[in-house]
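Q: The structure follows.
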Amino acid sequence: MEILFLGVGEACDSSQPNTSLLLKTGPEQTAGRILLDCGFSVPQQYFALDPDPEELEILWISHFHGDHFFGTPLLLLWFWEMGRQKPLHILGPPGLKTIIEQAIELAYPNLLPRLGFSLLFLEIEPEKQERLADTVWQAAYNEHSLPCLSLRLELHGKAIFYSGDGRPTPMTQALADGCDIIIHEAYGFEDTTPGHGSIGSCLDFAENAGVTQIALVHMQRNIRQHYKTAIKDLAGKYAEIEILLPEKGSKIVL
């Protein structure tokens, strides 16, 4: 399985697109079949891969801040222009169907009835397990200014933890235990921004989960630019953990 980072930035980052992950689970895929979050600047990154319009099967939305879901109407517009016919599964928190449909109608009035393919919504309840084809989905709320679901996604014998936005909680800690990789929002260097994670707390989170690989994303743009050396200096304290600082276009193979 290949994880492609379409973006790793926060909402106002001018150098990195919004944080979004594309999972490629088969060699025949040109882009990938599962997309995790779709903010303002994500669709163009996806289009640049020149994907088959039928290839994407599942879209996950962690929460309803614009840099995590406002790209959805444009993504669907492109599918419509490209003549997609295959249904698209959209998974996320309670309220998902209503909010996504409102966003589509606001961005492109009357697009929904003309799409030509079905949107299959599945609202994920925390701590319940959902199965979709060969994937297993579990979620738990982290600490954020809006309800935000962290995700444990299992497929092909691998388990990925993706935080969305927010600080870890006991529920997300349990969700991350034993995963092959944690991909976590680390907005600040220290816990100074309410509702957002920090680099230190994320590394403690990974250590407590027994995970040996963590990718830090959604860092505040100045932290990303000026704290790379300080982050690398933490490697000695967390010797059992590989600390990754992906950028747009980075890939991880599990």
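By order of appearance in the structure tokens: chains A, B, ..., then residues from 1 within every chain, and ligands from 1 in the order shown.
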Please give the complete set of residues from segment 78-225 of chain A that DSSP, run on the backbone, assigns to strand (DSSP E or B), formatted as a PyMOL selection string.

A: chain A and resi 88-92+119-123+130-132+135-141+143+149-155+158-162+167+181-185+188+198+213-217+219

Q: What does the file look like for those residues with N, CA and C atoms, as a compact mmCIF listing (two decimals), in the first residue's frame?

A:
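Saved result, again_24.txt, follows:
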# COMPACT_ATOMS: atom_id res chain seq x y z
N LEU A 88 -19.68 6.89 -5.65
CA LEU A 88 -18.59 7.32 -4.77
C LEU A 88 -19.07 7.23 -3.33
N HIS A 89 -18.33 6.51 -2.50
CA HIS A 89 -18.62 6.44 -1.08
C HIS A 89 -18.00 7.65 -0.38
N ILE A 90 -18.77 8.34 0.43
CA ILE A 90 -18.28 9.46 1.22
C ILE A 90 -18.54 9.14 2.69
N LEU A 91 -17.47 9.06 3.48
CA LEU A 91 -17.54 8.69 4.89
C LEU A 91 -17.10 9.86 5.74
N GLY A 92 -17.67 9.97 6.95
CA GLY A 92 -17.27 11.03 7.85
C GLY A 92 -18.18 11.13 9.05
N LEU A 119 -23.86 9.27 -4.87
CA LEU A 119 -23.05 9.53 -3.68
C LEU A 119 -23.62 8.67 -2.56
N LEU A 120 -22.80 7.78 -2.03
CA LEU A 120 -23.23 6.86 -0.99
C LEU A 120 -22.62 7.30 0.33
N PHE A 121 -23.42 7.94 1.17
CA PHE A 121 -22.92 8.51 2.41
C PHE A 121 -22.96 7.47 3.54
N LEU A 122 -21.90 7.45 4.34
CA LEU A 122 -21.86 6.61 5.53
C LEU A 122 -21.31 7.46 6.67
N GLU A 123 -22.18 7.77 7.62
CA GLU A 123 -21.78 8.57 8.78
C GLU A 123 -21.24 7.62 9.85
N GLU A 130 -16.90 -0.14 11.05
CA GLU A 130 -17.63 -0.25 9.78
C GLU A 130 -16.74 -0.94 8.76
N ARG A 131 -17.34 -1.82 7.97
CA ARG A 131 -16.61 -2.51 6.91
C ARG A 131 -17.16 -2.08 5.56
N LEU A 132 -16.24 -1.80 4.65
CA LEU A 132 -16.62 -1.40 3.30
C LEU A 132 -15.67 -2.09 2.34
N THR A 135 -12.00 -2.86 3.39
CA THR A 135 -11.50 -1.89 4.34
C THR A 135 -12.31 -1.94 5.64
N VAL A 136 -11.63 -1.62 6.75
CA VAL A 136 -12.27 -1.54 8.06
C VAL A 136 -12.02 -0.14 8.63
N TRP A 137 -13.10 0.52 9.05
CA TRP A 137 -13.05 1.91 9.50
C TRP A 137 -13.47 2.01 10.95
N GLN A 138 -12.65 2.67 11.76
CA GLN A 138 -12.99 3.00 13.14
C GLN A 138 -12.57 4.43 13.41
N ALA A 139 -13.31 5.12 14.24
CA ALA A 139 -13.02 6.53 14.48
C ALA A 139 -13.26 6.89 15.94
N ALA A 140 -12.64 7.99 16.36
CA ALA A 140 -12.84 8.51 17.71
C ALA A 140 -12.61 10.02 17.68
N TYR A 141 -13.29 10.74 18.55
CA TYR A 141 -13.16 12.19 18.58
C TYR A 141 -11.85 12.59 19.26
N GLU A 143 -9.56 16.35 20.30
CA GLU A 143 -9.89 17.65 20.90
C GLU A 143 -9.66 18.75 19.86
N LEU A 149 -13.11 13.69 13.80
CA LEU A 149 -12.85 12.27 13.98
C LEU A 149 -11.44 11.90 13.52
N SER A 150 -10.68 11.33 14.44
CA SER A 150 -9.47 10.63 14.04
C SER A 150 -9.86 9.26 13.52
N LEU A 151 -9.05 8.73 12.63
CA LEU A 151 -9.42 7.52 11.89
C LEU A 151 -8.37 6.43 12.05
N ARG A 152 -8.84 5.20 12.24
CA ARG A 152 -8.02 4.01 12.08
C ARG A 152 -8.57 3.26 10.87
N LEU A 153 -7.76 3.12 9.87
CA LEU A 153 -8.16 2.47 8.62
C LEU A 153 -7.31 1.22 8.43
N GLU A 154 -7.97 0.09 8.29
CA GLU A 154 -7.27 -1.17 8.11
C GLU A 154 -7.60 -1.76 6.74
N LEU A 155 -6.56 -2.16 6.02
CA LEU A 155 -6.74 -2.85 4.75
C LEU A 155 -5.46 -3.57 4.39
N LYS A 158 -2.65 -4.01 6.93
CA LYS A 158 -1.98 -2.83 7.45
C LYS A 158 -3.01 -1.92 8.14
N ALA A 159 -2.54 -1.14 9.11
CA ALA A 159 -3.41 -0.21 9.84
C ALA A 159 -2.78 1.18 9.85
N ILE A 160 -3.55 2.17 9.42
CA ILE A 160 -3.11 3.56 9.35
C ILE A 160 -3.93 4.37 10.35
N PHE A 161 -3.28 5.24 11.10
CA PHE A 161 -3.97 6.20 11.95
C PHE A 161 -3.80 7.58 11.33
N TYR A 162 -4.93 8.27 11.09
CA TYR A 162 -4.91 9.64 10.56
C TYR A 162 -5.73 10.51 11.50
N ARG A 167 -5.93 17.75 19.15
CA ARG A 167 -5.06 17.09 20.12
C ARG A 167 -5.52 15.66 20.39
N ILE A 181 1.51 3.01 11.10
CA ILE A 181 1.98 4.40 11.00
C ILE A 181 0.92 5.31 11.59
N ILE A 182 1.38 6.39 12.21
CA ILE A 182 0.51 7.49 12.66
C ILE A 182 0.80 8.69 11.77
N ILE A 183 -0.25 9.30 11.26
CA ILE A 183 -0.13 10.55 10.51
C ILE A 183 -0.93 11.57 11.31
N HIS A 184 -0.23 12.51 11.92
CA HIS A 184 -0.88 13.35 12.92
C HIS A 184 -0.64 14.83 12.68
N GLU A 185 -1.70 15.59 12.88
CA GLU A 185 -1.59 17.05 12.90
C GLU A 185 -0.69 17.48 14.05
N GLY A 188 1.70 23.06 16.35
CA GLY A 188 2.70 23.86 17.03
C GLY A 188 3.88 23.04 17.51
N SER A 198 0.58 19.32 19.08
CA SER A 198 1.94 19.85 19.03
C SER A 198 2.88 18.71 18.67
N GLN A 213 6.61 4.58 13.52
CA GLN A 213 6.72 5.54 12.42
C GLN A 213 5.61 6.57 12.54
N ILE A 214 5.98 7.85 12.53
CA ILE A 214 4.98 8.92 12.59
C ILE A 214 5.32 9.98 11.56
N ALA A 215 4.29 10.43 10.84
CA ALA A 215 4.44 11.53 9.89
C ALA A 215 3.73 12.74 10.48
N LEU A 216 4.44 13.85 10.61
CA LEU A 216 3.89 15.07 11.18
C LEU A 216 3.41 15.98 10.05
N VAL A 217 2.14 16.36 10.10
CA VAL A 217 1.54 17.17 9.04
C VAL A 217 0.79 18.34 9.66
N MET A 219 1.50 21.34 10.10
CA MET A 219 2.26 22.22 10.98
C MET A 219 2.00 23.68 10.61

Q: I want to know what sits within 9 Å of Gly200 of chain A, based on only C-alpha atoms, with residues of the same chain fewer than 5 positions away left out; could you give that as an mmCIF file with N, CA and C atoms, in the first residue's frame?

A:
data_model
loop_
_atom_site.group_PDB
_atom_site.id
_atom_site.type_symbol
_atom_site.label_atom_id
_atom_site.label_comp_id
_atom_site.auth_asym_id
_atom_site.auth_seq_id
_atom_site.Cartn_x
_atom_site.Cartn_y
_atom_site.Cartn_z
ATOM 1 N N ALA A 186 0.315 18.297 13.730
ATOM 2 C CA ALA A 186 1.239 18.802 14.748
ATOM 3 C C ALA A 186 1.410 20.302 14.514
ATOM 4 N N GLY A 188 1.695 23.059 16.347
ATOM 5 C CA GLY A 188 2.699 23.861 17.032
ATOM 6 C C GLY A 188 3.877 23.038 17.507
ATOM 7 N N PHE A 189 4.920 23.711 17.942
ATOM 8 C CA PHE A 189 6.051 23.005 18.531
ATOM 9 C C PHE A 189 5.720 22.594 19.959
ATOM 10 N N GLU A 190 4.927 23.441 20.638
ATOM 11 C CA GLU A 190 4.460 23.152 21.990
ATOM 12 C C GLU A 190 2.943 23.301 22.021
ATOM 13 N N ASP A 191 2.328 22.851 23.124
ATOM 14 C CA ASP A 191 0.874 22.907 23.259
ATOM 15 C C ASP A 191 0.408 24.311 23.637
ATOM 16 N N PHE A 205 2.416 10.595 21.918
ATOM 17 C CA PHE A 205 1.268 9.802 21.481
ATOM 18 C C PHE A 205 1.734 8.549 20.735
ATOM 19 N N ILE A 231 13.125 19.798 15.343
ATOM 20 C CA ILE A 231 12.369 18.542 15.262
ATOM 21 C C ILE A 231 13.325 17.367 15.115
ATOM 22 N N LEU A 234 14.890 16.026 18.217
ATOM 23 C CA LEU A 234 14.071 15.188 19.089
ATOM 24 C C LEU A 234 14.274 13.701 18.819
#

Q: Quick one: residues within 8 Å of Phe70 of chain A, only C-alpha atoms, excluding same-chain residues fewer than 2 positions away - as a VMD selection string?

A: chain A and resid 38 to 40 65 to 68 72 to 73 103

Q: List the neighbours of Thr30 of chain A out to 12 Å using only C-alpha atoms; skip same-chain residues closer than 4 positions along the sequence, and give me the result as a list in words.

A: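 Everything that qualifies: Glu2, Leu4, Leu22, Leu23, Lys24, Thr25, Gly26, Tyr46, Phe47, Ala48, Leu49, Asp50, Pro51, Asp52, Pro53, Glu54, Glu55 and Leu56 of chain A.
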
Q: Just checking: using only C-alpha atoms, which residue out of A:Gly83, A:Gly164, A:Gly236, A:Pro43 ends up closest to Leu146 of chain A?

A: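 Nearest to Leu146 of chain A: A:Gly164.
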
Q: Near Leu111 of chain A, within 12 Å and counting only C-alpha atoms, which residues show up once chain neighbours fewer than 2 positions away are dropped, as a VMD selection string?

A: chain A and resid 73 to 74 76 to 81 101 to 109 113 to 117

Q: Rounded to one decimal, what separation in Å do you get between atom CA of Pro17 of chain A and atom CA of Lys248 of chain A?

A: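 Here the two named atoms are 7.0 Å from each other.
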
Q: Could you check which of A:Leu175, A:Leu75, A:Cys202, A:Val8 is closest to Gln129 of chain A, using only C-alpha atoms?

A: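 So, comparing all the options, the nearest one is A:Leu175.
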
Q: Have a look at A:Ile124, A:Ser15, A:Val42, A:Ile99 and name the one nearest to Trp60 of chain A; count only C-alpha atoms.

A: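 Of the candidates, the smallest distance to Trp60 of chain A is held by A:Ile124.
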